[in-house]
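A.B. asks: My structure file model19.pdb, PDB, C-alpha atoms, is below:
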ATOM      1  CA  MET A   1      36.453 117.162 251.659
ATOM      2  CA  ASN A   2      36.639 119.633 254.490
ATOM      3  CA  GLU A   3      34.200 122.519 254.689
ATOM      4  CA  LEU A   4      35.700 125.817 255.817
ATOM      5  CA  VAL A   5      33.348 128.310 257.449
ATOM      6  CA  PHE A   6      34.090 131.777 258.769
ATOM      7  CA  LEU A   7      31.899 132.515 261.795
ATOM      8  CA  LYS A   8      31.611 135.954 263.345
ATOM      9  CA  LEU A   9      30.197 136.581 266.809
ATOM     10  CA  GLY A  10      29.074 140.177 266.628
ATOM     11  CA  GLY A  11      30.085 142.697 269.239
ATOM     12  CA  SER A  12      26.389 143.401 269.815
ATOM     13  CA  VAL A  13      25.916 139.721 270.707
ATOM     14  CA  ILE A  14      28.818 139.091 273.063
ATOM     15  CA  THR A  15      28.696 142.499 274.778
ATOM     16  CA  ASP A  16      26.057 144.932 275.923
ATOM     17  CA  LYS A  17      26.794 147.769 273.502
ATOM     18  CA  ALA A  18      24.842 150.213 275.655
ATOM     19  CA  ARG A  19      27.262 149.678 278.586
ATOM     20  CA  GLU A  20      30.993 150.194 278.181
ATOM     21  CA  GLY A  21      33.127 147.119 278.827
ATOM     22  CA  LYS A  22      30.188 144.831 279.671
ATOM     23  CA  ALA A  23      30.524 141.286 278.298
ATOM     24  CA  ARG A  24      27.629 138.847 277.960
ATOM     25  CA  VAL A  25      29.476 135.902 279.446
ATOM     26  CA  GLY A  26      26.472 133.580 279.314
ATOM     27  CA  VAL A  27      25.934 134.264 275.619
ATOM     28  CA  ILE A  28      29.608 133.659 274.829
ATOM     29  CA  ARG A  29      29.513 130.339 276.679
ATOM     30  CA  ARG A  30      26.308 129.228 274.939
ATOM     31  CA  ALA A  31      27.794 130.115 271.556
ATOM     32  CA  ALA A  32      30.916 128.113 272.406
ATOM     33  CA  ARG A  33      28.824 125.076 273.296
ATOM     34  CA  GLU A  34      26.879 125.345 270.045
ATOM     35  CA  VAL A  35      30.142 125.506 268.111
ATOM     36  CA  ARG A  36      31.472 122.463 269.977
ATOM     37  CA  ARG A  37      28.350 120.423 269.222
ATOM     38  CA  ALA A  38      28.554 121.370 265.540
ATOM     39  CA  LEU A  39      32.209 120.309 265.364
ATOM     40  CA  GLU A  40      31.395 117.017 267.060
ATOM     41  CA  ALA A  41      28.528 116.350 264.645
ATOM     42  CA  LYS A  42      30.369 117.313 261.441
ATOM     43  CA  HIS A  43      33.965 116.107 261.472
ATOM     44  CA  ARG A  44      34.803 117.680 258.120
ATOM     45  CA  LEU A  45      33.860 121.133 259.429
ATOM     46  CA  LYS A  46      36.754 123.551 259.847
ATOM     47  CA  LEU A  47      36.241 126.960 261.378
ATOM     48  CA  LEU A  48      37.818 130.354 261.551
ATOM     49  CA  ILE A  49      36.078 132.424 264.214
ATOM     50  CA  GLY A  50      36.080 136.189 264.566
ATOM     51  CA  HIS A  51      34.336 138.523 266.940
ATOM     52  CA  GLY A  52      33.581 142.199 267.185
ATOM     53  CA  SER A  53      34.886 144.462 269.923
ATOM     54  CA  GLY A  54      31.446 145.646 270.995
ATOM     55  CA  SER A  55      31.322 147.901 274.012
ATOM     56  CA  PHE A  56      34.987 147.209 274.796
ATOM     57  CA  GLY A  57      36.682 148.703 271.750
ATOM     58  CA  HIS A  58      34.021 150.916 270.195
ATOM     59  CA  TYR A  59      33.505 153.252 273.158
ATOM     60  CA  VAL A  60      37.226 153.924 273.550
ATOM     61  CA  ALA A  61      37.674 154.341 269.791
ATOM     62  CA  LYS A  62      34.858 156.862 269.602
ATOM     63  CA  ARG A  63      36.310 158.810 272.507
ATOM     64  CA  TYR A  64      39.667 159.217 270.760
ATOM     65  CA  GLY A  65      38.472 159.232 267.141
ATOM     66  CA  THR A  66      40.773 156.316 266.363
ATOM     67  CA  GLN A  67      38.894 155.398 263.183
ATOM     68  CA  LYS A  68      39.949 158.756 261.678
ATOM     69  CA  GLY A  69      43.638 158.358 262.479
ATOM     70  CA  ALA A  70      46.249 159.548 264.957
ATOM     71  CA  PHE A  71      48.221 162.790 264.757
ATOM     72  CA  ASP A  72      49.402 163.670 268.264
ATOM     73  CA  PHE A  73      50.307 162.123 271.607
ATOM     74  CA  GLU A  74      46.688 161.955 272.808
ATOM     75  CA  SER A  75      45.355 160.192 269.710
ATOM     76  CA  TRP A  76      48.233 157.704 269.718
ATOM     77  CA  ARG A  77      47.477 157.051 273.378
ATOM     78  CA  GLY A  78      43.942 156.283 272.220
ATOM     79  CA  TYR A  79      45.299 153.791 269.690
ATOM     80  CA  ALA A  80      47.025 151.910 272.503
ATOM     81  CA  GLU A  81      43.925 152.002 274.712
ATOM     82  CA  VAL A  82      41.638 150.694 271.965
ATOM     83  CA  SER A  83      44.090 147.871 271.332
ATOM     84  CA  ALA A  84      44.086 146.975 275.013
ATOM     85  CA  ALA A  85      40.283 147.068 275.236
ATOM     86  CA  ALA A  86      39.851 144.811 272.197
ATOM     87  CA  SER A  87      42.438 142.405 273.597
ATOM     88  CA  ARG A  88      40.627 142.199 276.951
ATOM     89  CA  LEU A  89      37.441 141.012 275.278
ATOM     90  CA  ASN A  90      39.368 138.581 273.088
ATOM     91  CA  ARG A  91      41.073 137.111 276.156
ATOM     92  CA  LEU A  92      37.667 136.507 277.720
ATOM     93  CA  VAL A  93      36.283 134.867 274.571
ATOM     94  CA  THR A  94      39.427 132.753 274.168
ATOM     95  CA  ASP A  95      39.315 131.503 277.760
ATOM     96  CA  ILE A  96      35.621 130.572 277.586
ATOM     97  CA  PHE A  97      36.019 128.664 274.312
ATOM     98  CA  LEU A  98      39.032 126.775 275.681
ATOM     99  CA  GLU A  99      37.087 125.940 278.848
ATOM    100  CA  GLU A 100      34.356 124.484 276.636
ATOM    101  CA  GLY A 101      36.824 122.171 274.924
ATOM    102  CA  ILE A 102      37.330 124.142 271.695
ATOM    103  CA  SER A 103      40.931 124.486 270.533
ATOM    104  CA  VAL A 104      40.921 128.148 269.580
ATOM    105  CA  LEU A 105      44.156 130.008 268.942
ATOM    106  CA  SER A 106      43.943 133.748 269.476
ATOM    107  CA  LEU A 107      45.719 135.719 266.740
ATOM    108  CA  GLN A 108      46.037 139.486 267.171
ATOM    109  CA  PRO A 109      45.308 141.219 263.832
ATOM    110  CA  SER A 110      47.134 144.459 264.727
ATOM    111  CA  ALA A 111      50.401 142.537 265.112
ATOM    112  CA  SER A 112      50.685 142.335 261.313
ATOM    113  CA  ALA A 113      47.865 144.391 259.783
ATOM    114  CA  LEU A 114      48.551 147.395 257.570
ATOM    115  CA  CYS A 115      45.920 149.712 256.120
ATOM    116  CA  ARG A 116      45.922 152.446 253.534
ATOM    117  CA  ASP A 117      43.258 155.136 253.915
ATOM    118  CA  GLY A 118      41.154 152.826 256.093
ATOM    119  CA  LYS A 119      41.405 149.814 253.783
ATOM    120  CA  LEU A 120      43.186 146.647 254.881
ATOM    121  CA  VAL A 121      46.018 145.964 252.440
ATOM    122  CA  ARG A 122      48.216 143.494 254.315
ATOM    123  CA  LEU A 123      47.758 140.852 256.997
ATOM    124  CA  GLU A 124      50.023 137.925 257.855
ATOM    125  CA  THR A 125      48.162 134.708 257.001
ATOM    126  CA  HIS A 126      50.822 132.043 257.576
ATOM    127  CA  PRO A 127      49.956 131.499 261.288
ATOM    128  CA  ILE A 128      46.266 131.179 260.369
ATOM    129  CA  LYS A 129      46.997 128.558 257.712
ATOM    130  CA  LYS A 130      49.290 126.664 260.098
ATOM    131  CA  ALA A 131      46.624 126.691 262.817
ATOM    132  CA  LEU A 132      43.998 125.278 260.434
ATOM    133  CA  ALA A 133      46.435 122.610 259.227
ATOM    134  CA  HIS A 134      46.867 121.419 262.818
ATOM    135  CA  ASN A 135      43.116 121.368 263.569
ATOM    136  CA  LEU A 136      43.221 124.514 265.639
ATOM    137  CA  ILE A 137      40.572 127.204 265.235
ATOM    138  CA  PRO A 138      42.035 130.651 264.507
ATOM    139  CA  LEU A 139      40.287 133.293 266.607
ATOM    140  CA  ILE A 140      40.630 136.845 265.293
ATOM    141  CA  TYR A 141      38.785 140.029 266.203
ATOM    142  CA  GLY A 142      38.070 143.624 265.269
ATOM    143  CA  ASP A 143      41.198 145.567 266.149
ATOM    144  CA  VAL A 144      43.317 148.640 265.510
ATOM    145  CA  ALA A 145      45.818 148.810 262.655
ATOM    146  CA  PHE A 146      48.551 151.131 261.444
ATOM    147  CA  ASP A 147      47.577 153.145 258.373
ATOM    148  CA  GLU A 148      50.034 154.492 255.787
ATOM    149  CA  LEU A 149      48.070 157.699 255.216
ATOM    150  CA  GLN A 150      46.329 158.557 258.476
ATOM    151  CA  GLY A 151      48.576 156.926 261.060
ATOM    152  CA  CYS A 152      46.084 154.386 262.323
ATOM    153  CA  THR A 153      42.528 153.152 261.943
ATOM    154  CA  ILE A 154      40.073 150.467 263.056
ATOM    155  CA  ILE A 155      39.644 147.229 261.130
ATOM    156  CA  SER A 156      36.371 145.366 261.495
ATOM    157  CA  THR A 157      36.018 141.604 261.575
ATOM    158  CA  GLU A 158      34.241 141.831 258.213
ATOM    159  CA  GLN A 159      37.253 143.585 256.681
ATOM    160  CA  ILE A 160      39.506 140.833 257.987
ATOM    161  CA  PHE A 161      37.144 138.129 256.713
ATOM    162  CA  ALA A 162      37.077 139.776 253.290
ATOM    163  CA  TYR A 163      40.886 139.857 253.158
ATOM    164  CA  LEU A 164      41.222 136.252 254.323
ATOM    165  CA  THR A 165      38.601 134.992 251.884
ATOM    166  CA  TRP A 166      40.990 135.551 248.985
ATOM    167  CA  GLU A 167      43.651 133.452 250.721
ATOM    168  CA  LEU A 168      41.606 130.713 252.375
ATOM    169  CA  LYS A 169      38.556 130.345 250.074
ATOM    170  CA  PRO A 170      35.866 129.565 252.692
ATOM    171  CA  ASP A 171      32.687 127.805 251.609
ATOM    172  CA  LYS A 172      30.496 130.226 253.518
ATOM    173  CA  ILE A 173      30.493 133.058 256.007
ATOM    174  CA  ILE A 174      28.069 133.320 258.929
ATOM    175  CA  LEU A 175      27.636 136.625 260.737
ATOM    176  CA  ALA A 176      25.817 136.197 264.048
ATOM    177  CA  GLY A 177      24.533 139.589 265.149
ATOM    178  CA  MET A 178      22.010 141.009 267.539
ATOM    179  CA  VAL A 179      18.989 140.861 265.219
ATOM    180  CA  GLU A 180      17.727 138.136 262.901
ATOM    181  CA  GLY A 181      19.159 139.540 259.695
ATOM    182  CA  VAL A 182      19.034 142.702 257.599
ATOM    183  CA  TYR A 183      15.913 144.843 257.945
ATOM    184  CA  ASP A 184      14.596 147.917 256.163
ATOM    185  CA  ASP A 185      14.447 149.687 259.543
ATOM    186  CA  ASP A 186      15.806 149.126 263.041
ATOM    187  CA  PRO A 187      13.723 146.164 264.349
ATOM    188  CA  LEU A 188      14.694 147.049 267.915
ATOM    189  CA  ARG A 189      12.741 150.284 267.557
ATOM    190  CA  ASN A 190      10.223 149.421 264.858
ATOM    191  CA  PRO A 191       8.397 146.072 265.281
ATOM    192  CA  LYS A 192       7.014 146.435 261.751
ATOM    193  CA  ALA A 193      10.463 146.466 260.161
ATOM    194  CA  HIS A 194      10.695 144.145 257.159
ATOM    195  CA  LEU A 195      13.352 141.405 256.985
ATOM    196  CA  PHE A 196      15.212 140.998 253.706
ATOM    197  CA  LYS A 197      15.425 137.225 253.204
ATOM    198  CA  GLU A 198      17.941 137.661 250.391
ATOM    199  CA  ILE A 199      20.237 140.412 249.180
ATOM    200  CA  THR A 200      21.180 140.182 245.510
ATOM    201  CA  ALA A 201      21.814 142.475 242.559
ATOM    202  CA  ALA A 202      18.045 142.874 242.268
ATOM    203  CA  ASN A 203      17.608 144.671 245.594
ATOM    204  CA  ILE A 204      21.031 145.790 246.859
ATOM    205  CA  ALA A 205      20.342 149.460 246.046
ATOM    206  CA  ARG A 206      17.066 149.390 248.010
ATOM    207  CA  VAL A 207      18.745 147.593 250.924
ATOM    208  CA  GLU A 208      21.553 150.149 251.150
ATOM    209  CA  LYS A 209      19.097 153.034 251.009
ATOM    210  CA  SER A 210      17.029 151.625 253.869
ATOM    211  CA  LEU A 211      19.898 150.966 256.254
ATOM    212  CA  ALA A 212      20.370 153.797 258.692
ATOM    213  CA  GLY A 213      23.291 152.568 260.796
ATOM    214  CA  ALA A 214      23.895 150.472 263.845
ATOM    215  CA  TYR A 215      22.154 150.176 267.182
ATOM    216  CA  GLY A 216      24.404 151.421 269.981
ATOM    217  CA  VAL A 217      27.948 152.694 269.483
ATOM    218  CA  ASP A 218      29.753 151.327 266.406
ATOM    219  CA  VAL A 219      32.723 153.121 264.859
ATOM    220  CA  THR A 220      32.990 150.696 261.924
ATOM    221  CA  GLY A 221      29.806 151.701 260.114
ATOM    222  CA  GLY A 222      27.185 149.336 261.482
ATOM    223  CA  MET A 223      24.997 147.113 259.325
ATOM    224  CA  LEU A 224      25.393 149.214 256.186
ATOM    225  CA  SER A 225      29.152 148.690 256.162
ATOM    226  CA  LYS A 226      28.747 144.955 256.840
ATOM    227  CA  VAL A 227      26.338 144.522 253.943
ATOM    228  CA  ARG A 228      28.510 146.504 251.523
ATOM    229  CA  ILE A 229      31.666 144.554 252.386
ATOM    230  CA  MET A 230      29.948 141.179 252.180
ATOM    231  CA  TYR A 231      28.018 141.966 249.000
ATOM    232  CA  LYS A 232      31.191 143.100 247.245
ATOM    233  CA  LEU A 233      32.841 139.880 248.367
ATOM    234  CA  VAL A 234      30.148 137.531 247.049
ATOM    235  CA  ARG A 235      30.026 139.435 243.768
ATOM    236  CA  SER A 236      33.720 138.738 243.291
ATOM    237  CA  GLN A 237      33.383 135.098 244.423
ATOM    238  CA  PRO A 238      29.999 133.759 243.251
ATOM    239  CA  SER A 239      30.460 130.345 244.903
ATOM    240  CA  LEU A 240      30.592 132.013 248.318
ATOM    241  CA  SER A 241      27.459 132.697 250.363
ATOM    242  CA  VAL A 242      27.068 134.932 253.393
ATOM    243  CA  ARG A 243      24.288 134.548 255.926
ATOM    244  CA  ILE A 244      23.425 137.058 258.648
ATOM    245  CA  ILE A 245      21.588 135.553 261.613
ATOM    246  CA  SER A 246      20.785 136.284 265.238
ATOM    247  CA  GLY A 247      23.389 135.119 267.698
ATOM    248  CA  LEU A 248      20.988 135.650 270.591
ATOM    249  CA  LEU A 249      18.513 132.928 269.612
ATOM    250  CA  PRO A 250      19.641 129.652 271.246
ATOM    251  CA  GLY A 251      20.533 126.925 268.776
ATOM    252  CA  LEU A 252      20.704 129.129 265.696
ATOM    253  CA  ILE A 253      24.499 129.166 265.380
ATOM    254  CA  GLU A 254      24.631 125.383 265.665
ATOM    255  CA  ARG A 255      21.908 124.943 263.045
ATOM    256  CA  ALA A 256      23.545 127.419 260.677
ATOM    257  CA  LEU A 257      26.765 125.400 260.862
ATOM    258  CA  LEU A 258      25.096 122.010 260.394
ATOM    259  CA  ASP A 259      21.883 122.341 258.377
ATOM    260  CA  GLU A 260      22.442 122.422 254.622
ATOM    261  CA  ASP A 261      18.866 123.694 254.127
ATOM    262  CA  PHE A 262      19.106 126.396 256.784
ATOM    263  CA  ASP A 263      17.141 129.432 255.562
ATOM    264  CA  GLU A 264      16.768 131.766 258.533
ATOM    265  CA  GLY A 265      18.113 135.284 258.621
ATOM    266  CA  THR A 266      19.366 137.050 255.491
ATOM    267  CA  LEU A 267      21.298 135.372 252.684
ATOM    268  CA  ILE A 268      23.693 137.517 250.645
ATOM    269  CA  LYS A 269      24.633 136.036 247.308
ATOM    270  CA  GLY A 270      26.388 137.341 244.248
ATOM    271  CA  VAL A 271      24.305 135.724 241.537
ATOM    272  CA  LEU A 272      20.570 135.570 240.928
ATOM    273  CA  ALA A 273      18.951 132.132 241.123
TER     274      ALA A 273
END
Output the file's structure in the form of structure tokens.

C.D. replies:
Amino acid sequence: MNELVFLKLGGSVITDKAREGKARVGVIRRAAREVRRALEAKHRLKLLIGHGSGSFGHYVAKRYGTQKGAFDFESWRGYAEVSAAASRLNRLVTDIFLEEGISVLSLQPSASALCRDGKLVRLETHPIKKALAHNLIPLIYGDVAFDELQGCTIISTEQIFAYLTWELKPDKIILAGMVEGVYDDDPLRNPKAHLFKEITAANIARVEKSLAGAYGVDVTGGMLSKVRIMYKLVRSQPSLSVRIISGLLPGLIERALLDEDFDEGTLIKGVLA
């Protein structure tokens, strides 16, 4: 049987979030090569890949307040500019993956997404299912979306993954970020920060309390939002596991896709062992 995995390349991995519009081309290419090797080694592996907008979309969105909606000409102009910025990064990622021999198909979320009060309530899934059926790899990304109550908003890759999980039933989700998992403090500033190896019902309250937000500019809530979305998802689907790893450590993405006993980073699961 095929194994379906959702893989996210975090915006903090594929861009320099401290510099607006700066892509880490070398990192994107290395990640693509790791994905290709994993696909070559495991023929039953099927992937859906997503990526964050990093310093492309987040800076523009913060400037216009796009996450909070649009109410006048200037804020709607911001909506269009955020969309364009996110698309530029996606074009770059798409081209690099195709150059590396990976048959990705870029699918723009905002073309069909609809939100209500910041929550994703509708997204067209037929093209994604068709792509998977023809051995293509759907490539989605954090994007803007129209919102029934506030005009518009931002949808994160995690929100899209959560929505698609109900339709596609992946076996696991891998989130490749800047750091090696979920910590009780920012490990980029505090070398003594403690890594949570697992997040379950036993410690979720402590984890949420310790998270203080993202490193750099992130309009979608940073690590706290990621953990909350993913934990809610695994609680509703106990067979699903989510692992948060570093996308900057060479070889880790490939190992996470291939190694059944892979135990690095942070595992989020809905049931206690």

A.B. asks: Please evaluate the PyMOL selection byres ((chain A and resi 233-235) around 9) against the displayed coordinates and give the resulting residues as an MDAnalysis selection string.

C.D. replies: chainID A and resid 162 165 201 228:232 236:242 268:271

A.B. asks: Residue by residue, what does the PyMOL selection byres ((chain A and resi 118) around 12) grab here? Present the result as an MDAnalysis selection string.

C.D. replies: chainID A and resid 66:69 113:117 119:122 144:156 159 220

A.B. asks: List the residues matched by the PyMOL selection byres ((chain A and resi 82-97) around 6) in the displayed structure as a CSV table (one decimal) with C-alpha atoms, in the frame of the given file, ordered by chain and then by residue number.

C.D. replies:
chain,number,residue,atom,x,y,z
A,32,ALA,CA,30.9,128.1,272.4
A,53,SER,CA,34.9,144.5,269.9
A,56,PHE,CA,35.0,147.2,274.8
A,57,GLY,CA,36.7,148.7,271.8
A,60,VAL,CA,37.2,153.9,273.6
A,61,ALA,CA,37.7,154.3,269.8
A,79,TYR,CA,45.3,153.8,269.7
A,80,ALA,CA,47.0,151.9,272.5
A,81,GLU,CA,43.9,152.0,274.7
A,98,LEU,CA,39.0,126.8,275.7
A,99,GLU,CA,37.1,125.9,278.8
A,100,GLU,CA,34.4,124.5,276.6
A,102,ILE,CA,37.3,124.1,271.7
A,144,VAL,CA,43.3,148.6,265.5

A.B. asks: Calculated over only C-alpha atoms, which of the candidates A:Leu4, A:Ala111, A:Ile137, A:Ala193 has the smallest distance to A:Arg36?

C.D. replies: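 Looking at the shortest contact to A:Arg36, the residue is A:Ile137.
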
A.B. asks: In terms of the shortest atom-to-atom distance over all atoms listed in the file, which of A:Thr125, A:Phe196, A:Ser55, A:His134 is closest to A:Trp166?

C.D. replies: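 That would be A:Thr125, the residue with the smallest distance to A:Trp166.
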
A.B. asks: At a cut-off of 12 Å, using only C-alpha atoms, what residues contact A:Met178? Leave out same-chain residues fewer than 6 positions from it and give the result as a PyMOL selection string.

C.D. replies: chain A and resi 8-17+27+52+54+186-188+214-216+222-223+244-249+265

A.B. asks: Restricting the calculation to only C-alpha atoms, which member of A:Glu124, A:Leu45, A:Gly181, A:Leu175 is positioned closest to A:Leu136?

C.D. replies: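 Distance minimum relative to A:Leu136 lands on A:Leu45.
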
A.B. asks: Go ahead and compute the interatomic distance for atom CA of A:Val35 and atom CA of A:Glu254, in Å to one decimal.

C.D. replies: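 Taking atom CA of A:Val35 as the start and atom CA of A:Glu254 as the end point, the length is 6.0 Å.
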
A.B. asks: In Å, rounded to a single decimal, give me how far atom CA of A:Tyr183 is from atom CA of A:Leu195.

C.D. replies: 4.4 Å

A.B. asks: Mind checking which residues fall within 10 Å of A:Leu139, counting only C-alpha atoms, ignoring those fewer than 3 positions away in the same chain, and posting them as a ChimeraX atom specification?

C.D. replies: /A:7-8,47-51,90,93-94,97,103-109,128,131,136

A.B. asks: Would you export the selected residues with C-alpha atoms as an mmCIF file, keeping the file's coordinate frame, please?

C.D. replies:
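Generated file (again-v9.cif):
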data_model
loop_
_atom_site.group_PDB
_atom_site.id
_atom_site.type_symbol
_atom_site.label_atom_id
_atom_site.label_comp_id
_atom_site.auth_asym_id
_atom_site.auth_seq_id
_atom_site.Cartn_x
_atom_site.Cartn_y
_atom_site.Cartn_z
ATOM 1 C CA LEU A 7 31.899 132.515 261.795
ATOM 2 C CA LYS A 8 31.611 135.954 263.345
ATOM 3 C CA LEU A 47 36.241 126.960 261.378
ATOM 4 C CA LEU A 48 37.818 130.354 261.551
ATOM 5 C CA ILE A 49 36.078 132.424 264.214
ATOM 6 C CA GLY A 50 36.080 136.189 264.566
ATOM 7 C CA HIS A 51 34.336 138.523 266.940
ATOM 8 C CA ASN A 90 39.368 138.581 273.088
ATOM 9 C CA VAL A 93 36.283 134.867 274.571
ATOM 10 C CA THR A 94 39.427 132.753 274.168
ATOM 11 C CA PHE A 97 36.019 128.664 274.312
ATOM 12 C CA SER A 103 40.931 124.486 270.533
ATOM 13 C CA VAL A 104 40.921 128.148 269.580
ATOM 14 C CA LEU A 105 44.156 130.008 268.942
ATOM 15 C CA SER A 106 43.943 133.748 269.476
ATOM 16 C CA LEU A 107 45.719 135.719 266.740
ATOM 17 C CA GLN A 108 46.037 139.486 267.171
ATOM 18 C CA PRO A 109 45.308 141.219 263.832
ATOM 19 C CA ILE A 128 46.266 131.179 260.369
ATOM 20 C CA ALA A 131 46.624 126.691 262.817
ATOM 21 C CA LEU A 136 43.221 124.514 265.639
#

A.B. asks: Choose the residue, out of A:Ser210, A:Thr200, A:Ser112, A:Thr266, that has the smallest atom-to-atom separation from A:Ala176; count all atoms listed in the file.

C.D. replies: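 Of A:Ser210, A:Thr200, A:Ser112, A:Thr266, the one nearest A:Ala176, counting all atoms listed in the file, is A:Thr266.
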
A.B. asks: Build an axis-aligned box that encloses every atom of stretch 53-68 of chain A listed in the file, pad it by 8 Å on each side, and report its centre and edge lengths in Å to one decimal, as AutoDock Vina command-line options.

C.D. replies:
--center_x 36.0 --center_y 151.8 --center_z 268.2 --size_x 25.5 --size_y 30.8 --size_z 29.1

A.B. asks: Would you please work out which residue, of A:Gly21, A:Val179, A:Arg33, A:Asn2, is nearest to A:Pro191 when using all atoms listed in the file?

C.D. replies: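 With all atoms listed in the file as the atom set, the closest residue is A:Val179.
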
A.B. asks: Compare A:Phe262, A:Arg255, A:Leu267, A:Ile173 by their minimum atom-to-atom distance to A:Ile204, counting only C-alpha atoms, and give me the closest one.

C.D. replies: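 Of all the options, A:Leu267 lies closest to A:Ile204.
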